[in-house]
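Below is data19.cif, which holds mmCIF, C-alpha atoms.
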data_start
loop_
_atom_site.label_atom_id
_atom_site.label_comp_id
_atom_site.auth_asym_id
_atom_site.auth_seq_id
_atom_site.Cartn_x
_atom_site.Cartn_y
_atom_site.Cartn_z
CA MET M 1 -15.15 -7.35 2.48
CA ARG M 2 -12.43 -9.64 1.19
CA ILE M 3 -9.17 -7.74 0.90
CA VAL M 4 -5.91 -8.99 -0.58
CA ILE M 5 -2.70 -7.27 0.51
CA ALA M 6 0.59 -7.46 -1.40
CA GLY M 7 3.59 -7.38 0.90
CA GLY M 8 1.53 -9.15 3.53
CA HIS M 9 4.42 -9.59 5.98
CA GLY M 10 5.44 -5.94 5.97
CA GLN M 11 5.23 -3.81 9.09
CA ILE M 12 2.30 -1.75 7.86
CA ALA M 13 0.56 -4.75 6.28
CA LEU M 14 0.60 -6.82 9.48
CA ARG M 15 -0.95 -3.92 11.37
CA LEU M 16 -3.57 -3.46 8.67
CA GLU M 17 -4.38 -7.16 8.57
CA ARG M 18 -4.96 -7.17 12.31
CA LEU M 19 -7.32 -4.18 12.05
CA LEU M 20 -9.28 -5.59 9.15
CA ALA M 21 -9.62 -9.06 10.65
CA ALA M 22 -10.73 -7.59 13.98
CA ARG M 23 -13.57 -5.72 12.32
CA GLY M 24 -14.73 -8.84 10.50
CA ASP M 25 -13.19 -8.51 7.05
CA GLU M 26 -11.70 -11.52 5.27
CA VAL M 27 -8.02 -10.76 4.69
CA ALA M 28 -5.35 -12.49 2.62
CA GLY M 29 -1.71 -11.41 2.59
CA ILE M 30 0.68 -12.25 -0.24
CA ILE M 31 4.08 -13.33 1.10
CA ARG M 32 7.29 -14.64 -0.45
CA ARG M 33 8.33 -17.18 2.17
CA PRO M 34 6.12 -19.90 3.67
CA GLU M 35 7.72 -19.45 7.10
CA GLN M 36 6.14 -15.99 7.29
CA GLY M 37 2.68 -17.57 7.28
CA ASP M 38 2.33 -18.01 11.02
CA ASP M 39 2.78 -14.27 11.60
CA LEU M 40 -0.16 -13.61 9.29
CA ARG M 41 -2.33 -16.27 10.91
CA ASP M 42 -1.56 -14.71 14.30
CA VAL M 43 -3.19 -11.44 13.18
CA GLY M 44 -6.13 -13.16 11.51
CA ALA M 45 -5.00 -13.15 7.89
CA GLU M 46 -4.74 -15.96 5.35
CA PRO M 47 -1.21 -16.31 3.93
CA VAL M 48 -0.82 -16.67 0.16
CA VAL M 49 2.70 -17.65 -0.91
CA LEU M 50 3.57 -15.92 -4.18
CA ASP M 51 6.72 -14.11 -5.33
CA LEU M 52 5.67 -10.90 -7.05
CA GLU M 53 9.11 -10.60 -8.65
CA SER M 54 8.65 -13.81 -10.63
CA ALA M 55 4.90 -14.52 -10.74
CA SER M 56 2.81 -14.06 -13.88
CA VAL M 57 -0.14 -11.69 -14.13
CA GLU M 58 -2.49 -14.68 -14.27
CA GLU M 59 -0.99 -16.22 -11.12
CA VAL M 60 -1.50 -12.98 -9.20
CA ALA M 61 -4.97 -12.50 -10.67
CA ALA M 62 -5.90 -15.96 -9.39
CA ALA M 63 -5.00 -14.81 -5.87
CA LEU M 64 -7.13 -11.70 -6.33
CA ARG M 65 -10.28 -13.21 -7.79
CA GLY M 66 -13.28 -12.77 -5.53
CA ALA M 67 -11.70 -9.87 -3.62
CA ASP M 68 -13.50 -6.60 -3.03
CA ALA M 69 -10.30 -4.59 -2.72
CA ALA M 70 -6.54 -4.86 -3.17
CA VAL M 71 -3.81 -3.07 -1.24
CA PHE M 72 -0.23 -2.80 -2.49
CA ALA M 73 1.97 -2.49 0.60
CA ALA M 74 5.05 -4.31 -0.66
CA GLY M 75 8.51 -2.80 -0.80
CA ALA M 76 12.08 -3.83 -1.43
CA GLY M 77 12.93 -2.53 2.03
CA PRO M 78 16.00 -0.85 3.51
CA GLY M 79 19.30 -2.37 2.50
CA SER M 80 18.08 -3.49 -0.92
CA GLY M 81 19.89 -2.36 -4.03
CA ALA M 82 18.70 -0.21 -6.90
CA SER M 83 17.66 -3.21 -9.00
CA ARG M 84 15.09 -4.33 -6.41
CA LYS M 85 13.64 -0.85 -6.18
CA ASP M 86 12.78 -1.36 -9.84
CA THR M 87 11.56 -4.96 -9.56
CA VAL M 88 9.55 -4.53 -6.33
CA ASP M 89 8.65 -0.89 -5.69
CA LYS M 90 7.80 -0.38 -9.35
CA GLY M 91 7.57 -3.76 -11.08
CA ALA M 92 5.55 -5.61 -8.44
CA ALA M 93 3.16 -2.67 -8.10
CA VAL M 94 2.54 -2.63 -11.85
CA LEU M 95 2.04 -6.41 -11.85
CA PHE M 96 -0.38 -6.26 -8.93
CA ALA M 97 -2.38 -3.48 -10.57
CA ASP M 98 -2.58 -5.36 -13.88
CA ALA M 99 -3.64 -8.50 -12.01
CA ALA M 100 -6.36 -6.57 -10.17
CA VAL M 101 -7.73 -5.36 -13.51
CA ARG M 102 -7.67 -8.91 -14.89
CA ALA M 103 -9.41 -10.24 -11.77
CA GLY M 104 -12.06 -7.52 -11.88
CA VAL M 105 -11.04 -5.96 -8.54
CA ARG M 106 -11.73 -2.26 -8.95
CA ARG M 107 -10.86 -0.88 -5.51
CA PHE M 108 -7.08 -0.49 -5.32
CA VAL M 109 -5.05 1.31 -2.65
CA ILE M 110 -1.30 1.73 -3.03
CA VAL M 111 1.09 2.66 -0.24
CA SER M 112 3.57 5.05 -1.81
CA SER M 113 6.03 7.48 -0.26
CA MET M 114 6.26 11.18 0.42
CA GLY M 115 8.28 12.67 -2.43
CA ALA M 116 7.52 9.91 -4.94
CA ASP M 117 8.00 11.35 -8.42
CA PRO M 118 8.70 9.61 -11.75
CA ARG M 119 10.83 12.62 -12.72
CA HIS M 120 12.88 12.61 -9.52
CA GLU M 121 16.55 13.06 -10.34
CA GLY M 122 19.65 11.48 -8.82
CA ASP M 123 21.47 8.18 -8.66
CA GLU M 124 21.55 7.47 -4.93
CA ILE M 125 19.49 4.52 -3.70
CA PHE M 126 16.82 6.77 -2.19
CA ASP M 127 16.60 8.71 -5.47
CA VAL M 128 16.02 5.46 -7.34
CA TYR M 129 13.39 4.50 -4.74
CA LEU M 130 11.44 7.75 -5.06
CA ARG M 131 11.56 7.51 -8.85
CA ALA M 132 10.36 3.86 -8.79
CA LYS M 133 7.49 4.69 -6.42
CA GLY M 134 6.56 7.66 -8.59
CA GLU M 135 6.55 5.52 -11.73
CA ALA M 136 4.34 2.96 -10.00
CA ASP M 137 1.92 5.67 -8.88
CA ALA M 138 1.77 7.11 -12.39
CA TYR M 139 1.02 3.70 -13.86
CA VAL M 140 -1.72 2.87 -11.37
CA SER M 141 -3.36 6.27 -11.72
CA GLY M 142 -3.52 5.77 -15.48
CA LEU M 143 -5.64 2.60 -15.26
CA ALA M 144 -9.27 3.44 -15.97
CA ASP M 145 -10.42 0.04 -14.67
CA LEU M 146 -9.20 0.77 -11.12
CA ASP M 147 -10.80 2.94 -8.44
CA TRP M 148 -7.38 3.80 -7.06
CA THR M 149 -6.21 5.80 -4.07
CA ILE M 150 -2.52 6.59 -3.58
CA LEU M 151 -1.37 7.14 0.01
CA ARG M 152 2.02 8.81 0.58
CA PRO M 153 3.04 8.65 4.24
CA GLY M 154 5.82 10.76 5.70
CA ALA M 155 8.73 9.32 7.67
CA LEU M 156 7.53 6.09 9.29
CA THR M 157 8.01 5.44 13.01
CA ASP M 158 7.21 2.61 15.40
CA ASP M 159 5.70 4.97 17.96
CA ALA M 160 2.28 3.99 19.27
CA GLY M 161 -0.44 5.37 17.04
CA LYS M 162 -2.51 8.24 18.37
CA GLY M 163 -5.22 8.13 15.73
CA LEU M 164 -4.62 11.81 14.98
CA VAL M 165 -3.39 12.69 11.52
CA ARG M 166 -3.09 15.27 8.80
CA LEU M 167 -4.32 13.84 5.48
CA GLU M 168 -4.30 16.17 2.50
CA ALA M 169 -3.15 16.42 -1.11
CA HIS M 170 -0.04 18.18 0.21
CA THR M 171 0.90 18.15 3.89
CA GLY M 172 4.61 18.94 3.79
CA ARG M 173 7.22 16.77 5.46
CA GLY M 174 6.50 15.04 8.75
CA ARG M 175 6.50 11.79 10.67
CA ILE M 176 3.75 9.22 11.09
CA PRO M 177 3.50 6.03 13.19
CA ARG M 178 2.92 2.86 11.18
CA ASP M 179 -0.10 2.22 13.45
CA ASP M 180 -1.75 5.36 12.10
CA VAL M 181 -0.87 4.55 8.49
CA ALA M 182 -2.65 1.21 8.91
CA ALA M 183 -5.66 2.91 10.48
CA VAL M 184 -5.91 5.35 7.57
CA LEU M 185 -5.64 2.52 5.04
CA ALA M 186 -8.48 0.65 6.74
CA GLU M 187 -10.63 3.77 6.62
CA LEU M 188 -9.76 4.44 2.97
CA LEU M 189 -10.92 0.95 2.05
CA ASP M 190 -14.28 1.81 3.60
CA THR M 191 -14.49 5.12 1.74
CA PRO M 192 -14.82 4.60 -2.02
CA ALA M 193 -15.27 8.34 -2.51
CA THR M 194 -11.51 8.70 -2.03
CA ALA M 195 -10.95 7.00 -5.40
CA GLY M 196 -8.85 9.10 -7.74
CA LEU M 197 -7.02 10.90 -4.92
CA THR M 198 -3.30 11.06 -4.17
CA LEU M 199 -2.92 11.89 -0.48
CA GLU M 200 -0.02 12.74 1.79
CA LEU M 201 -0.15 11.63 5.43
CA VAL M 202 1.65 12.86 8.55
CA SER M 203 0.75 13.08 12.21
CA GLY M 204 -1.67 15.85 13.04
CA SER M 205 -4.67 16.77 15.15
CA THR M 206 -7.60 15.27 13.22
CA PRO M 207 -9.08 11.85 14.07
CA VAL M 208 -8.49 9.32 11.30
CA SER M 209 -12.15 8.82 10.39
CA VAL M 210 -12.78 12.57 10.25
CA ALA M 211 -9.66 13.15 8.12
CA VAL M 212 -10.70 10.52 5.59
CA LYS M 213 -14.28 11.78 5.42
CA SER M 214 -12.95 15.30 4.88
CA VAL M 215 -10.81 14.40 1.86
CA ALA M 216 -13.71 12.35 0.50
CA GLY M 217 -15.85 15.48 0.55
CA ASN M 218 -18.15 14.38 3.37
#

Serialized structure, structure tokens:
Amino acid sequence: MRIVIAGGHGQIALRLERLLAARGDEVAGIIRRPEQGDDLRDVGAEPVVLDLESASVEEVAAALRGADAAVFAAGAGPGSGASRKDTVDKGAAVLFADAAVRAGVRRFVIVSSMGADPRHEGDEIFDVYLRAKGEADAYVSGLADLDWTILRPGALTDDAGKGLVRLEAHTGRGRIPRDDVAAVLAELLDTPATAGLTLELVSGSTPVSVAVKSVAGN
């Protein structure tokens, strides 16, 4: 498959790119700064320099044409203000989804967050973040031209992945290594029967491939 990943220099994205390239997929990662390109090449991905906060739908669609799947793994990141939660966590996700539709890329996986909710209340930065992620999820899930899957990991850690997870519609709060999030994303891309599902992810006792097959109904 050819897979294009938004937020290609992110911690989860770099792990995912390495996994996908290692199994023989063609991977492109969208990045904002050219100097990030070497990190993508090191894991086997093709860097595509494009700022999702200023690019047009057509510019993003051009980067997506010919892809078999798209993954939105971008985020404003810790330390960013409320305005960038809106322009990246929501705005860039909406743009990327619209561009996927225009480019004819049906398979679309979005990395969201546990607790994402467009009706989430509050004015603290994390409240704004959860609301923005929820609004992005709601927009993507409303697009009939996408075979979307929404993945909502729990608290992210840099612990070594164990390949053992709990993946369900509702798991409750928990932690999850970024390694295991990447592994689940790779498996979701291989499992089109997970389209239309919003899934929460935390560490657990089920091997990744078994967990994904289970939610897919296999």

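Here the PyMOL selection byres ((chain M and resi 9) around 7) matches the residues Gly7, Gly8, Gly10, Gln11, Ala13, Leu14, Ile31, Gln36 and Leu40 of chain M.
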
Pick the closest to Tyr129 in chain M from M:Val109, M:Ala6, M:Val88, M:Ile30: which is it, counting all atoms listed in the file?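 That would be M:Val88, the residue with the smallest distance to Tyr129 in chain M.
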
Which of M:Leu52, M:Val208, M:Ala63, M:Val105 sits closest to Asp147 in chain M [using all atoms listed in the file]: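 Checking each of M:Leu52, M:Val208, M:Ala63, M:Val105 against Asp147 in chain M, counting all atoms listed in the file, the winner is M:Val105.
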
From the list M:Arg106, M:Lys85, M:Arg152, M:Arg33, the nearest residue to Pro192 in chain M using all atoms listed in the file is M:Arg106

Give me the result of the PyMOL selection byres ((chain M and resi 143) around 12) on this file, residue by residue, as a PyMOL selection string. chain M and resi 94+97-102+106-108+136-142+144-149+196

As a check of understanding, name the residues that the PyMOL selection byres ((chain M and resi 154) around 8) selects in the supplied structure, as an mmCIF file with C-alpha atoms, keeping the file's coordinate frame.
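Once everything was written out, this is out-v2.cif:
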data_model
loop_
_atom_site.group_PDB
_atom_site.id
_atom_site.type_symbol
_atom_site.label_atom_id
_atom_site.label_comp_id
_atom_site.auth_asym_id
_atom_site.auth_seq_id
_atom_site.Cartn_x
_atom_site.Cartn_y
_atom_site.Cartn_z
ATOM 1 C CA SER M 113 6.030 7.480 -0.260
ATOM 2 C CA MET M 114 6.260 11.180 0.420
ATOM 3 C CA ARG M 152 2.020 8.810 0.580
ATOM 4 C CA PRO M 153 3.040 8.650 4.240
ATOM 5 C CA ALA M 155 8.730 9.320 7.670
ATOM 6 C CA LEU M 156 7.530 6.090 9.290
ATOM 7 C CA ARG M 173 7.220 16.770 5.460
ATOM 8 C CA GLY M 174 6.500 15.040 8.750
ATOM 9 C CA ARG M 175 6.500 11.790 10.670
ATOM 10 C CA ILE M 176 3.750 9.220 11.090
ATOM 11 C CA GLU M 200 -0.020 12.740 1.790
ATOM 12 C CA LEU M 201 -0.150 11.630 5.430
ATOM 13 C CA VAL M 202 1.650 12.860 8.550
#
